[in-house]
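Have a look at structure.txt below; it lists compact mmCIF, C-alpha atoms.
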```
# COMPACT_ATOMS: atom_id res chain seq x y z
CA MET A 1 0.43 20.46 13.45
CA ILE A 2 1.52 17.23 11.83
CA ASP A 3 0.71 16.02 8.32
CA VAL A 4 1.71 12.87 6.49
CA GLN A 5 0.79 13.47 2.87
CA TYR A 6 1.41 12.60 -0.78
CA GLU A 7 1.27 16.23 -1.92
CA THR A 8 4.25 18.55 -1.97
CA PHE A 9 4.46 21.58 0.32
CA ASP A 10 5.48 25.23 0.16
CA VAL A 11 7.84 26.28 2.95
CA GLY A 12 6.96 29.96 2.54
CA ALA A 13 3.25 29.30 2.77
CA GLU A 14 3.76 27.11 5.85
CA GLN A 15 5.80 29.82 7.59
CA ARG A 16 3.24 32.53 6.75
CA ALA A 17 0.49 30.32 8.14
CA MET A 18 2.49 29.69 11.32
CA LEU A 19 3.13 33.40 11.91
CA ALA A 20 -0.28 34.73 10.88
CA GLY A 21 -1.69 37.03 13.54
CA ARG A 22 1.14 36.44 16.03
CA CYS A 23 3.45 39.03 17.53
CA ASP A 24 5.02 36.91 20.30
CA ILE A 25 7.24 34.76 18.07
CA GLY A 26 10.85 35.88 17.94
CA ALA A 27 12.47 33.12 15.89
CA VAL A 28 11.48 30.54 13.30
CA VAL A 29 13.86 27.77 12.29
CA SER A 30 12.89 25.35 9.56
CA PHE A 31 14.54 22.32 8.02
CA THR A 32 13.56 20.95 4.61
CA GLY A 33 14.84 17.52 3.52
CA LEU A 34 15.15 16.89 -0.24
CA VAL A 35 15.56 13.81 -2.45
CA ARG A 36 19.17 13.61 -3.67
CA ASP A 37 20.21 11.89 -6.88
CA ILE A 38 23.23 10.39 -5.09
CA ASN A 39 22.80 8.15 -2.09
CA GLU A 40 23.93 4.54 -1.57
CA ARG A 41 24.18 4.37 -5.36
CA PRO A 42 25.08 7.28 -7.63
CA ASP A 43 22.11 7.26 -9.99
CA VAL A 44 18.96 7.57 -7.90
CA GLN A 45 15.99 8.14 -10.22
CA GLY A 46 13.34 8.25 -7.55
CA LEU A 47 12.16 6.71 -4.33
CA ILE A 48 9.07 5.29 -2.73
CA LEU A 49 8.35 6.40 0.81
CA GLU A 50 6.31 3.96 2.80
CA HIS A 51 5.01 4.43 6.32
CA TYR A 52 3.00 2.61 8.97
CA SER A 53 -0.26 4.51 8.86
CA GLY A 54 -1.64 5.16 12.33
CA MET A 55 1.64 4.61 14.12
CA THR A 56 3.40 7.36 12.16
CA GLU A 57 1.07 10.08 13.43
CA LYS A 58 1.37 8.77 17.01
CA ALA A 59 5.15 8.61 16.83
CA LEU A 60 5.48 12.13 15.41
CA ASN A 61 3.10 13.46 18.03
CA ASN A 62 5.21 11.90 20.79
CA ILE A 63 8.35 13.45 19.35
CA VAL A 64 6.72 16.90 19.30
CA CYS A 65 5.65 16.39 22.93
CA GLU A 66 9.23 15.60 23.91
CA ALA A 67 10.51 18.70 22.16
CA LYS A 68 7.96 20.87 23.93
CA ALA A 69 8.97 19.44 27.28
CA ARG A 70 12.59 20.41 26.61
CA TRP A 71 12.26 23.90 25.12
CA PRO A 72 9.67 26.68 25.33
CA LEU A 73 8.19 26.39 21.83
CA GLN A 74 5.41 28.51 20.43
CA ALA A 75 4.59 26.47 17.35
CA VAL A 76 5.73 23.27 15.65
CA ARG A 77 4.89 22.21 12.10
CA ILE A 78 5.87 18.81 10.66
CA ILE A 79 5.08 17.61 7.14
CA HIS A 80 6.39 14.27 5.93
CA ARG A 81 5.63 13.11 2.42
CA ILE A 82 4.93 9.54 1.33
CA GLY A 83 4.58 7.89 -2.05
CA HIS A 84 6.69 8.33 -5.16
CA LEU A 85 9.27 11.14 -5.14
CA VAL A 86 12.00 12.16 -7.57
CA PRO A 87 15.33 13.96 -7.02
CA SER A 88 14.93 17.57 -5.84
CA ASP A 89 11.45 16.88 -4.42
CA PRO A 90 11.05 18.02 -0.80
CA ILE A 91 10.45 15.06 1.56
CA VAL A 92 10.17 16.53 5.02
CA LEU A 93 9.57 19.87 6.71
CA VAL A 94 10.22 20.59 10.38
CA MET A 95 9.46 24.18 11.40
CA VAL A 96 9.76 25.46 14.94
CA ALA A 97 8.85 28.84 16.41
CA SER A 98 10.12 30.18 19.70
CA ALA A 99 10.77 33.50 21.41
CA HIS A 100 14.56 33.08 21.01
CA ARG A 101 16.73 31.58 18.31
CA ARG A 102 18.72 29.10 20.43
CA ASP A 103 15.64 27.15 21.53
CA ALA A 104 14.29 27.11 17.97
CA PHE A 105 17.61 25.85 16.53
CA LEU A 106 17.99 23.15 19.15
CA ALA A 107 14.38 21.97 18.95
CA CYS A 108 14.49 21.74 15.15
CA ASP A 109 17.72 19.72 15.31
CA PHE A 110 16.24 17.45 18.00
CA LEU A 111 12.98 16.93 16.08
CA MET A 112 14.84 15.83 12.94
CA ASP A 113 17.14 13.48 14.88
CA TYR A 114 14.18 11.81 16.57
CA LEU A 115 12.05 11.75 13.43
CA LYS A 116 14.82 9.95 11.54
CA THR A 117 15.23 7.29 14.20
CA ARG A 118 11.73 6.86 15.68
CA ALA A 119 9.06 7.57 13.06
CA PRO A 120 8.06 4.51 10.98
CA PHE A 121 9.02 5.64 7.48
CA TRP A 122 11.02 3.58 5.00
CA LYS A 123 12.64 4.60 1.73
CA LYS A 124 13.06 2.37 -1.28
CA GLU A 125 15.32 3.96 -3.85
CA GLN A 126 14.99 3.34 -7.55
CA THR A 127 18.12 3.38 -9.69
CA ALA A 128 19.02 2.30 -13.21
CA SER A 129 20.64 -0.79 -11.67
CA GLY A 130 17.58 -1.75 -9.61
CA ASP A 131 15.56 -0.87 -6.52
CA TYR A 132 16.76 -1.32 -2.96
CA TRP A 133 15.63 -0.48 0.55
CA VAL A 134 17.73 2.23 2.10
CA ALA A 135 19.73 1.00 5.10
CA GLU A 136 19.67 2.85 8.41
CA ARG A 137 22.77 4.87 9.29
CA ASP A 138 24.74 4.57 12.50
CA SER A 139 25.37 8.32 12.33
CA ASP A 140 21.60 8.95 12.66
CA GLN A 141 21.51 6.78 15.78
CA GLN A 142 24.57 8.60 17.19
CA ASP A 143 22.92 11.95 16.45
CA ALA A 144 19.76 10.91 18.30
CA LYS A 145 21.80 9.73 21.31
CA ARG A 146 23.19 13.25 21.78
CA TRP A 147 19.86 14.21 23.35
CA LEU A 148 19.78 11.43 25.96
CA GLY A 149 20.33 12.33 29.58
CA GLN A 150 18.52 15.62 29.12
CA PRO A 151 15.07 16.39 30.53
CA GLN A 152 12.45 13.85 29.47
CA ALA A 153 8.93 14.70 28.44
CA GLY A 154 6.19 14.90 30.99
CA PRO A 155 2.70 13.66 30.21
CA CYS A 156 1.59 15.08 26.89
CA GLN A 157 -1.43 13.67 25.12
CA GLU A 158 -1.80 15.69 22.00
CA SER A 159 0.02 18.33 20.07
CA THR A 160 -2.06 21.51 20.09
CA VAL A 161 0.17 23.94 18.21
CA MET B 162 -23.32 -29.86 -26.22
CA SER B 163 -21.10 -28.71 -29.07
CA LEU B 164 -18.66 -25.89 -29.71
CA THR B 165 -20.43 -23.37 -31.97
CA HIS B 166 -17.19 -22.00 -33.45
CA LEU B 167 -16.31 -25.41 -34.92
CA ASP B 168 -18.09 -26.81 -37.98
CA ALA B 169 -18.92 -30.47 -38.67
CA ARG B 170 -15.30 -31.16 -39.65
CA GLY B 171 -13.93 -29.46 -36.59
CA ALA B 172 -12.67 -26.43 -38.51
CA ALA B 173 -13.07 -22.97 -37.04
CA HIS B 174 -15.75 -20.80 -38.57
CA MET B 175 -17.67 -17.66 -37.74
CA VAL B 176 -21.26 -18.40 -36.76
CA ASP B 177 -23.82 -16.86 -39.16
CA VAL B 178 -26.08 -14.80 -36.94
CA ALA B 179 -28.14 -13.13 -39.71
CA ASP B 180 -31.22 -15.20 -38.99
CA LYS B 181 -31.05 -14.98 -35.20
CA PRO B 182 -33.65 -12.66 -33.73
CA GLU B 183 -32.40 -9.47 -32.10
CA SER B 184 -32.76 -9.35 -28.37
CA ARG B 185 -31.48 -7.35 -25.45
CA ARG B 186 -28.10 -8.81 -24.47
CA GLU B 187 -26.14 -8.03 -21.35
CA ALA B 188 -23.06 -9.53 -19.70
CA SER B 189 -20.99 -8.79 -16.59
CA ALA B 190 -17.46 -10.02 -15.98
CA SER B 191 -14.93 -9.38 -13.24
CA GLY B 192 -11.38 -10.08 -12.17
CA TYR B 193 -8.73 -8.65 -9.90
CA ILE B 194 -5.19 -7.41 -9.84
CA ARG B 195 -3.40 -7.99 -6.56
CA MET B 196 -0.63 -5.62 -5.54
CA ARG B 197 1.43 -4.58 -2.56
CA PRO B 198 -0.45 -2.55 0.05
CA ALA B 199 1.87 0.39 -0.62
CA THR B 200 1.04 0.29 -4.32
CA LEU B 201 -2.67 0.17 -3.57
CA ALA B 202 -2.28 3.16 -1.26
CA LEU B 203 -0.45 5.10 -3.97
CA LEU B 204 -3.17 4.21 -6.44
CA ALA B 205 -5.87 5.37 -4.06
CA GLU B 206 -4.10 8.67 -3.50
CA GLU B 207 -3.22 9.16 -7.17
CA GLY B 208 0.44 9.29 -6.18
CA LEU B 209 1.74 7.15 -9.04
CA PRO B 210 4.13 8.54 -11.63
CA LYS B 211 1.78 7.92 -14.56
CA GLY B 212 -1.09 9.91 -13.06
CA ASP B 213 -4.74 9.06 -12.80
CA VAL B 214 -4.51 5.31 -13.02
CA LEU B 215 -8.15 4.30 -12.59
CA ALA B 216 -9.50 6.79 -15.16
CA THR B 217 -6.96 5.55 -17.69
CA ALA B 218 -7.72 1.89 -17.01
CA ARG B 219 -11.45 2.57 -17.33
CA ILE B 220 -11.02 4.14 -20.79
CA ALA B 221 -8.71 1.28 -21.81
CA GLY B 222 -11.34 -1.28 -20.78
CA ILE B 223 -14.11 0.49 -22.69
CA GLN B 224 -11.94 0.87 -25.81
CA ALA B 225 -10.96 -2.80 -25.61
CA ALA B 226 -14.59 -3.95 -25.38
CA LYS B 227 -15.36 -2.05 -28.60
CA ARG B 228 -12.44 -3.74 -30.37
CA THR B 229 -12.95 -7.29 -29.14
CA HIS B 230 -13.62 -8.56 -32.67
CA GLU B 231 -10.12 -7.42 -33.70
CA LEU B 232 -8.56 -9.54 -30.95
CA ILE B 233 -10.67 -12.68 -30.75
CA PRO B 234 -10.68 -14.26 -34.21
CA LEU B 235 -14.26 -15.45 -34.57
CA CYS B 236 -16.06 -12.68 -32.68
CA HIS B 237 -18.52 -10.46 -34.50
CA ALA B 238 -18.07 -6.69 -34.57
CA LEU B 239 -20.80 -5.36 -32.30
CA ALA B 240 -22.35 -1.94 -31.90
CA LEU B 241 -22.37 -1.95 -28.11
CA SER B 242 -24.97 0.32 -26.56
CA LYS B 243 -23.25 0.46 -23.18
CA VAL B 244 -19.90 -0.45 -21.66
CA SER B 245 -19.07 0.33 -18.06
CA VAL B 246 -15.91 -0.52 -16.14
CA ASP B 247 -15.80 -0.16 -12.37
CA PHE B 248 -13.09 -0.53 -9.77
CA GLU B 249 -13.28 -1.52 -6.15
CA LEU B 250 -10.17 -1.08 -4.00
CA ASP B 251 -9.92 -3.72 -1.32
CA SER B 252 -7.24 -3.02 1.26
CA VAL B 253 -7.85 -6.29 3.12
CA THR B 254 -6.78 -8.48 0.21
CA SER B 255 -4.69 -5.65 -1.26
CA CYS B 256 -6.25 -5.86 -4.69
CA VAL B 257 -8.31 -3.89 -7.17
CA ARG B 258 -11.43 -5.74 -8.29
CA VAL B 259 -12.40 -4.82 -11.84
CA THR B 260 -15.98 -5.26 -13.06
CA ALA B 261 -17.22 -4.66 -16.62
CA ASN B 262 -20.76 -4.57 -17.91
CA CYS B 263 -21.67 -4.61 -21.63
CA ARG B 264 -25.05 -4.27 -23.28
CA LEU B 265 -26.64 -4.13 -26.74
CA ASN B 266 -29.70 -5.08 -28.72
CA GLY B 267 -28.40 -7.63 -31.16
CA ARG B 268 -27.96 -11.17 -32.28
CA THR B 269 -24.93 -12.30 -30.33
CA GLY B 270 -23.91 -12.26 -26.70
CA VAL B 271 -21.54 -9.71 -25.23
CA GLU B 272 -19.67 -11.83 -22.70
CA MET B 273 -16.45 -11.75 -24.73
CA GLU B 274 -16.62 -7.96 -24.74
CA ALA B 275 -17.09 -7.84 -20.95
CA LEU B 276 -14.23 -10.32 -20.39
CA THR B 277 -11.97 -8.37 -22.76
CA ALA B 278 -12.77 -5.10 -20.99
CA VAL B 279 -11.80 -6.63 -17.60
CA SER B 280 -8.60 -8.16 -19.01
CA VAL B 281 -7.38 -4.99 -20.68
CA ALA B 282 -8.35 -2.81 -17.69
CA CYS B 283 -6.25 -5.15 -15.48
CA LEU B 284 -3.34 -5.01 -17.95
CA THR B 285 -3.55 -1.22 -18.01
CA LEU B 286 -3.48 -1.12 -14.20
CA TYR B 287 -0.36 -3.27 -14.37
CA ASP B 288 1.23 -0.95 -16.90
CA MET B 289 0.38 2.16 -14.89
CA CYS B 290 1.73 0.75 -11.60
CA LYS B 291 4.66 -1.39 -12.75
CA ALA B 292 7.21 1.35 -12.03
CA VAL B 293 6.65 0.79 -8.32
CA ASP B 294 5.52 -2.85 -8.18
CA LYS B 295 6.49 -5.61 -10.58
CA ASP B 296 5.04 -8.40 -8.44
CA MET B 297 1.42 -7.55 -9.23
CA GLN B 298 -0.74 -10.48 -10.15
CA ILE B 299 -3.83 -10.57 -12.34
CA GLY B 300 -6.34 -13.29 -11.65
CA ASP B 301 -9.79 -14.74 -11.33
CA ILE B 302 -11.12 -13.21 -14.56
CA HIS B 303 -14.56 -14.72 -15.12
CA LEU B 304 -18.08 -14.16 -16.40
CA ASP B 305 -20.45 -13.22 -13.60
CA SER B 306 -23.73 -13.10 -15.48
CA LYS B 307 -25.22 -13.08 -18.96
CA ARG B 308 -28.75 -12.26 -20.04
CA GLY B 309 -30.67 -12.66 -23.32
CA GLY B 310 -30.27 -14.95 -26.32
CA VAL B 311 -31.38 -18.50 -27.00
CA SER B 312 -28.89 -20.12 -24.63
CA GLY B 313 -30.69 -18.45 -21.76
CA ASP B 314 -29.53 -16.53 -18.73
CA TYR B 315 -26.43 -17.45 -16.79
CA ASN B 316 -25.49 -16.55 -13.25
CA ARG B 317 -22.16 -17.76 -12.01
CA ALA B 318 -23.38 -17.61 -8.43
CA ASP B 319 -25.98 -20.32 -9.23
CA THR B 320 -23.51 -22.81 -10.60
CA TYR B 321 -20.16 -22.08 -9.04
CA THR B 322 -19.27 -22.39 -5.38
CA GLU B 323 -16.70 -19.81 -4.44
CA GLN B 324 -13.62 -21.11 -2.67
CA PRO B 325 -12.75 -19.08 0.41
CA THR B 326 -9.93 -16.67 -0.43
CA PRO B 327 -6.95 -16.59 1.89
CA ILE B 328 -6.26 -13.09 3.17
CA VAL B 329 -2.69 -13.48 1.98
CA ALA B 330 -1.57 -15.82 -0.74
CA ALA B 331 1.32 -17.76 0.70
CA SER B 332 2.83 -21.08 -0.18
CA ALA B 333 1.55 -23.64 2.24
CA GLU B 334 4.01 -25.90 3.91
CA ALA B 335 3.13 -29.56 3.83
CA GLY B 336 0.08 -30.47 5.84
CA ARG B 337 -0.68 -27.00 7.13
CA VAL B 338 -3.19 -24.40 6.18
CA PRO B 339 -0.89 -21.46 6.71
CA LEU B 340 -3.15 -18.49 7.20
CA ALA B 341 -6.52 -17.69 8.61
CA LEU B 342 -9.33 -17.49 6.09
CA GLU B 343 -11.65 -14.55 5.75
CA GLY B 344 -14.72 -14.93 7.87
CA GLU B 345 -13.00 -17.11 10.42
CA ARG B 346 -13.35 -15.70 13.92
CA THR B 347 -10.83 -17.58 16.05
CA PRO B 348 -9.33 -15.16 18.59
CA SER B 349 -6.18 -14.13 16.81
CA VAL B 350 -3.29 -11.72 16.81
CA ARG B 351 -3.02 -9.67 13.61
CA VAL B 352 0.56 -9.58 12.35
CA LYS B 353 1.88 -7.06 9.84
CA CYS B 354 5.23 -7.13 8.10
CA LEU B 355 6.27 -3.75 6.73
CA ALA B 356 8.68 -2.41 4.11
CA GLU B 357 11.72 -4.63 3.46
CA LEU B 358 10.43 -7.29 5.86
CA ARG B 359 7.24 -7.68 3.83
CA GLU B 360 9.38 -8.50 0.81
CA ARG B 361 11.85 -10.66 2.72
CA PHE B 362 9.12 -12.75 4.39
CA GLY B 363 6.83 -12.61 1.34
CA VAL B 364 3.79 -11.70 3.40
CA SER B 365 2.20 -8.41 4.42
CA GLU B 366 -0.50 -9.48 6.87
CA LEU B 367 -1.46 -12.67 8.56
CA SER B 368 -3.48 -13.81 11.48
CA VAL B 369 -2.08 -16.10 14.18
CA PRO B 370 -4.62 -17.88 16.42
CA PHE B 371 -4.03 -16.72 19.96
CA HIS B 372 -3.87 -20.27 21.35
CA GLU B 373 -0.84 -21.00 19.14
CA LEU B 374 1.30 -18.43 20.94
CA ALA B 375 4.00 -20.08 23.04
CA SER B 376 3.46 -17.33 25.64
CA ALA B 377 1.15 -14.33 25.73
CA ASN B 378 3.79 -11.82 24.65
CA VAL B 379 5.81 -10.80 21.61
CA ALA B 380 8.47 -13.45 22.29
CA GLY B 381 5.71 -16.09 22.27
CA LEU B 382 4.39 -14.80 18.96
CA LYS B 383 7.86 -14.85 17.40
CA LEU B 384 8.32 -18.44 18.53
CA ALA B 385 4.96 -19.45 17.06
CA LEU B 386 5.83 -17.77 13.74
CA LYS B 387 9.26 -19.42 13.59
CA ASN B 388 7.89 -22.85 14.44
CA GLN B 389 5.17 -22.69 11.83
CA TYR B 390 6.82 -20.96 8.92
CA GLU B 391 10.37 -21.32 7.80
CA ARG B 392 10.28 -17.86 6.27
CA PHE B 393 10.21 -16.25 9.74
CA ILE B 394 13.54 -17.78 10.75
CA ASP B 395 15.11 -14.27 10.93
CA ILE B 396 12.39 -12.76 13.10
CA ASP B 397 14.75 -12.73 16.12
CA ASP B 398 17.22 -10.47 14.30
CA GLN B 399 18.13 -7.88 16.94
CA ARG B 400 17.92 -5.06 14.41
CA LEU B 401 14.24 -5.66 13.67
CA LEU B 402 11.71 -3.46 15.42
CA CYS B 403 8.29 -4.36 16.69
CA ALA B 404 5.18 -2.36 17.56
CA VAL B 405 2.08 -3.55 19.40
CA ASN B 406 -1.06 -1.57 18.63
CA GLN B 407 1.14 1.02 16.95
CA SER B 408 3.43 1.69 19.91
CA MET B 409 7.03 0.48 20.06
CA ALA B 410 7.30 -2.84 21.85
CA ASN B 411 9.84 -5.52 22.77
CA ASP B 412 9.89 -9.27 23.41
CA ASP B 413 8.33 -8.86 26.86
CA THR B 414 5.38 -6.75 25.73
CA PRO B 415 2.21 -8.68 26.65
CA LEU B 416 -0.33 -9.57 23.94
CA THR B 417 -4.05 -10.17 24.03
CA HIS B 418 -6.23 -11.35 21.16
CA ASP B 419 -7.12 -8.75 18.55
CA ASP B 420 -3.80 -6.97 19.13
CA GLU B 421 -2.05 -5.66 16.04
CA VAL B 422 1.63 -6.56 16.00
CA ALA B 423 3.89 -5.04 13.35
CA PHE B 424 7.44 -6.12 12.54
CA PHE B 425 9.63 -3.78 10.56
CA PRO B 426 13.25 -2.89 9.78
CA PRO B 427 15.01 0.15 11.28
CA VAL B 428 13.32 3.33 10.06
CA THR B 429 14.82 5.45 7.29
CA GLY B 430 12.54 8.47 6.95
CA GLY B 431 13.37 12.15 6.96
```
Please go through the file and, once you have read it, give me the structure as structure tokens.
Amino acid sequence: MIDVQYETFDVGAEQRAMLAGRCDIGAVVSFTGLVRDINERPDVQGLILEHYSGMTEKALNNIVCEAKARWPLQAVRIIHRIGHLVPSDPIVLVMVASAHRRDAFLACDFLMDYLKTRAPFWKKEQTASGDYWVAERDSDQQDAKRWLGQPQAGPCQESTV
Amino acid sequence: MSLTHLDARGAAHMVDVADKPESRREASASGYIRMRPATLALLAEEGLPKGDVLATARIAGIQAAKRTHELIPLCHALALSKVSVDFELDSVTSCVRVTANCRLNGRTGVEMEALTAVSVACLTLYDMCKAVDKDMQIGDIHLDSKRGGVSGDYNRADTYTEQPTPIVAASAEAGRVPLALEGERTPSVRVKCLAELRERFGVSELSVPFHELASANVAGLKLALKNQYERFIDIDDQRLLCAVNQSMANDDTPLTHDDEVAFFPPVTGG
């Protein structure tokens, strides 16, 4: 399930919802991204997250499809927030369930790498010395390239888990 | 026709309304505040740092109408029987249209109250949203209609021909009408500029007539944009990304009319 939303989220509640009524899941790995007060400048007061409505959902769905083609996953949950956020606010949640830990770890890592380089979100940080658009990082691109040359996704229309 | 607030010597004075008969008076005024699409989206979702923006602006407009006589020197203090302030969010022009309606049974008109309500509601919207958008623009504040009183009824629609509003306000280069006008139905490609590109190019959405494309693909669209508008000189920057109908695309991706083409910088989410 994928949500792009203004509201915050509760990781515990999301995990309970994912596991409710299931006995086949052996491992859950989740990643939560937070707003830091230090980034390109040292005094980040907040940020505005903008996205390309319509494309964002499509892009995230494609990324989930790719992950499912690579690892046997039992559930995937993605929440990405938009709008105005302040330091310590959670921005993104990627939660993956699988029978075994290795697949869950790898899929979560993969999903974040692809989300950071393929989903149309942009951050504008607000500091005491002015606002600026956050620049992309080469390291994110390098991280995403680690997954190339591995099995590609087959046809996958819609995320159902 | 003479100005009622000036006496025979041209000095300002307050008009004595004691002998005017009471009648039902009503006036409607409107205006807009234009903002970035992202700001409008935040406003719609109540995601702004100062909270419920529209409710606050509505109260501000109503309060302002009641205090018009304190602001406009020669206005009478009026016991208004009704003040309403309404908002309409328009994502096409990326603006909030503010409408105010004032009513009373009395001896003077209430158009100044309606205009004041719209002005202060717009200013409050600016104040509530300025943390995320300082480029907002207030405009087109005007009286729409007025009823009652000896000067008779007024309807702006009867006397004023509306100029077509460009979808995006952009500075026209000499001799060219830069952007398609609302209502025009030439087969066109819809172009969006997102995030930093919207600010760099100074435009969020525009429409390019399909026949102006140098070739029926993204490269042809880029060429048409560069040739027409100096601001798009950087559109070939290799770092920029492009999506056609919300899927990643490149220069060779074919286009047909009604396609939505978005240009944006490298993504920075997560």
So that each row is one residue of chain B with an atom at most 12 Å from chain A, can you give its shortest atom pair and the distance in Å to one decimal, using all atoms listed in the file, rows by chain and rising number, as JSON lines?
```
{"residue": "B:Arg197", "atom": "CA", "partner": "A:Glu50", "partner_atom": "CA", "distance": 11.2}
{"residue": "B:Pro198", "atom": "CA", "partner": "A:Glu50", "partner_atom": "CA", "distance": 9.8}
{"residue": "B:Ala199", "atom": "CA", "partner": "A:Glu50", "partner_atom": "CA", "distance": 6.6}
{"residue": "B:Thr200", "atom": "CA", "partner": "A:Gly83", "partner_atom": "CA", "distance": 8.7}
{"residue": "B:Leu201", "atom": "CA", "partner": "A:Gly83", "partner_atom": "CA", "distance": 10.7}
{"residue": "B:Ala202", "atom": "CA", "partner": "A:Gly83", "partner_atom": "CA", "distance": 8.4}
{"residue": "B:Leu203", "atom": "CA", "partner": "A:Gly83", "partner_atom": "CA", "distance": 6.1}
{"residue": "B:Leu204", "atom": "CA", "partner": "A:Gly83", "partner_atom": "CA", "distance": 9.6}
{"residue": "B:Ala205", "atom": "CA", "partner": "A:Tyr6", "partner_atom": "CA", "distance": 10.8}
{"residue": "B:Glu206", "atom": "CA", "partner": "A:Tyr6", "partner_atom": "CA", "distance": 7.3}
{"residue": "B:Glu207", "atom": "CA", "partner": "A:Tyr6", "partner_atom": "CA", "distance": 8.6}
{"residue": "B:Gly208", "atom": "CA", "partner": "A:Gly83", "partner_atom": "CA", "distance": 6.0}
{"residue": "B:Leu209", "atom": "CA", "partner": "A:His84", "partner_atom": "CA", "distance": 6.4}
{"residue": "B:Pro210", "atom": "CA", "partner": "A:His84", "partner_atom": "CA", "distance": 7.0}
{"residue": "B:Lys211", "atom": "CA", "partner": "A:His84", "partner_atom": "CA", "distance": 10.6}
{"residue": "B:Gly212", "atom": "CA", "partner": "A:His84", "partner_atom": "CA", "distance": 11.2}
{"residue": "B:Cys290", "atom": "CA", "partner": "A:His84", "partner_atom": "CA", "distance": 11.1}
{"residue": "B:Ala292", "atom": "CA", "partner": "A:Gln126", "partner_atom": "CA", "distance": 9.2}
{"residue": "B:Val293", "atom": "CA", "partner": "A:Ile48", "partner_atom": "CA", "distance": 7.6}
{"residue": "B:Asp294", "atom": "CA", "partner": "A:Asp131", "partner_atom": "CA", "distance": 10.4}
{"residue": "B:Lys295", "atom": "CA", "partner": "A:Asp131", "partner_atom": "CA", "distance": 11.0}
{"residue": "B:Lys353", "atom": "CA", "partner": "A:Tyr52", "partner_atom": "CA", "distance": 9.8}
{"residue": "B:Cys354", "atom": "CA", "partner": "A:Tyr52", "partner_atom": "CA", "distance": 10.0}
{"residue": "B:Leu355", "atom": "CA", "partner": "A:Tyr52", "partner_atom": "CA", "distance": 7.5}
{"residue": "B:Ala356", "atom": "CA", "partner": "A:Trp122", "partner_atom": "CA", "distance": 6.5}
{"residue": "B:Glu357", "atom": "CA", "partner": "A:Trp133", "partner_atom": "CA", "distance": 6.4}
{"residue": "B:Leu358", "atom": "CA", "partner": "A:Trp133", "partner_atom": "CA", "distance": 10.1}
{"residue": "B:Arg359", "atom": "CA", "partner": "A:Trp133", "partner_atom": "CA", "distance": 11.5}
{"residue": "B:Glu360", "atom": "CA", "partner": "A:Trp133", "partner_atom": "CA", "distance": 10.2}
{"residue": "B:Arg361", "atom": "CA", "partner": "A:Trp133", "partner_atom": "CA", "distance": 11.1}
{"residue": "B:Ser365", "atom": "CA", "partner": "A:Tyr52", "partner_atom": "CA", "distance": 11.9}
{"residue": "B:Arg400", "atom": "CA", "partner": "A:Glu136", "partner_atom": "CA", "distance": 10.1}
{"residue": "B:Leu401", "atom": "CA", "partner": "A:Glu136", "partner_atom": "CA", "distance": 11.4}
{"residue": "B:Leu402", "atom": "CA", "partner": "A:Pro120", "partner_atom": "CA", "distance": 9.8}
{"residue": "B:Cys403", "atom": "CA", "partner": "A:Pro120", "partner_atom": "CA", "distance": 10.6}
{"residue": "B:Ala404", "atom": "CA", "partner": "A:Met55", "partner_atom": "CA", "distance": 8.5}
{"residue": "B:Val405", "atom": "CA", "partner": "A:Met55", "partner_atom": "CA", "distance": 9.7}
{"residue": "B:Asn406", "atom": "CA", "partner": "A:Met55", "partner_atom": "CA", "distance": 8.1}
{"residue": "B:Gln407", "atom": "CA", "partner": "A:Met55", "partner_atom": "CA", "distance": 4.6}
{"residue": "B:Ser408", "atom": "CA", "partner": "A:Met55", "partner_atom": "CA", "distance": 6.7}
{"residue": "B:Met409", "atom": "CA", "partner": "A:Ala59", "partner_atom": "CA", "distance": 8.9}
{"residue": "B:Glu421", "atom": "CA", "partner": "A:Met55", "partner_atom": "CA", "distance": 11.1}
{"residue": "B:Val422", "atom": "CA", "partner": "A:Met55", "partner_atom": "CA", "distance": 11.3}
{"residue": "B:Ala423", "atom": "CA", "partner": "A:Tyr52", "partner_atom": "CA", "distance": 8.9}
{"residue": "B:Phe424", "atom": "CA", "partner": "A:Tyr52", "partner_atom": "CA", "distance": 10.4}
{"residue": "B:Phe425", "atom": "CA", "partner": "A:Pro120", "partner_atom": "CA", "distance": 8.4}
{"residue": "B:Pro426", "atom": "CA", "partner": "A:Trp122", "partner_atom": "CA", "distance": 8.3}
{"residue": "B:Pro427", "atom": "CA", "partner": "A:Glu136", "partner_atom": "CA", "distance": 6.1}
{"residue": "B:Val428", "atom": "CA", "partner": "A:Pro120", "partner_atom": "CA", "distance": 5.5}
{"residue": "B:Thr429", "atom": "CA", "partner": "A:Trp122", "partner_atom": "CA", "distance": 4.8}
{"residue": "B:Gly430", "atom": "CA", "partner": "A:Phe121", "partner_atom": "CA", "distance": 4.5}
{"residue": "B:Gly431", "atom": "CA", "partner": "A:Lys116", "partner_atom": "CA", "distance": 5.3}
```
Pick from A:Ile78, A:Asp10, A:Pro72, A:Leu19, whichever lies nearest to Leu60 (chain A) using all atoms listed in the file: A:Ile78
Cys23 (chain A) environment, 12 Å, all atoms listed in the file, sequence neighbours closer than 3 positions dropped, as number ranges by chain: A: 18-20, 26-27, 74, 97-99
For those residues, write C-alpha atoms to a file as a compact mmCIF listing (two decimals), in the coordinates of the input.
```txt
# COMPACT_ATOMS: atom_id res chain seq x y z
CA MET A 18 2.49 29.69 11.32
CA LEU A 19 3.13 33.40 11.91
CA ALA A 20 -0.28 34.73 10.88
CA GLY A 26 10.85 35.88 17.94
CA ALA A 27 12.47 33.12 15.89
CA GLN A 74 5.41 28.51 20.43
CA ALA A 97 8.85 28.84 16.41
CA SER A 98 10.12 30.18 19.70
CA ALA A 99 10.77 33.50 21.41
```
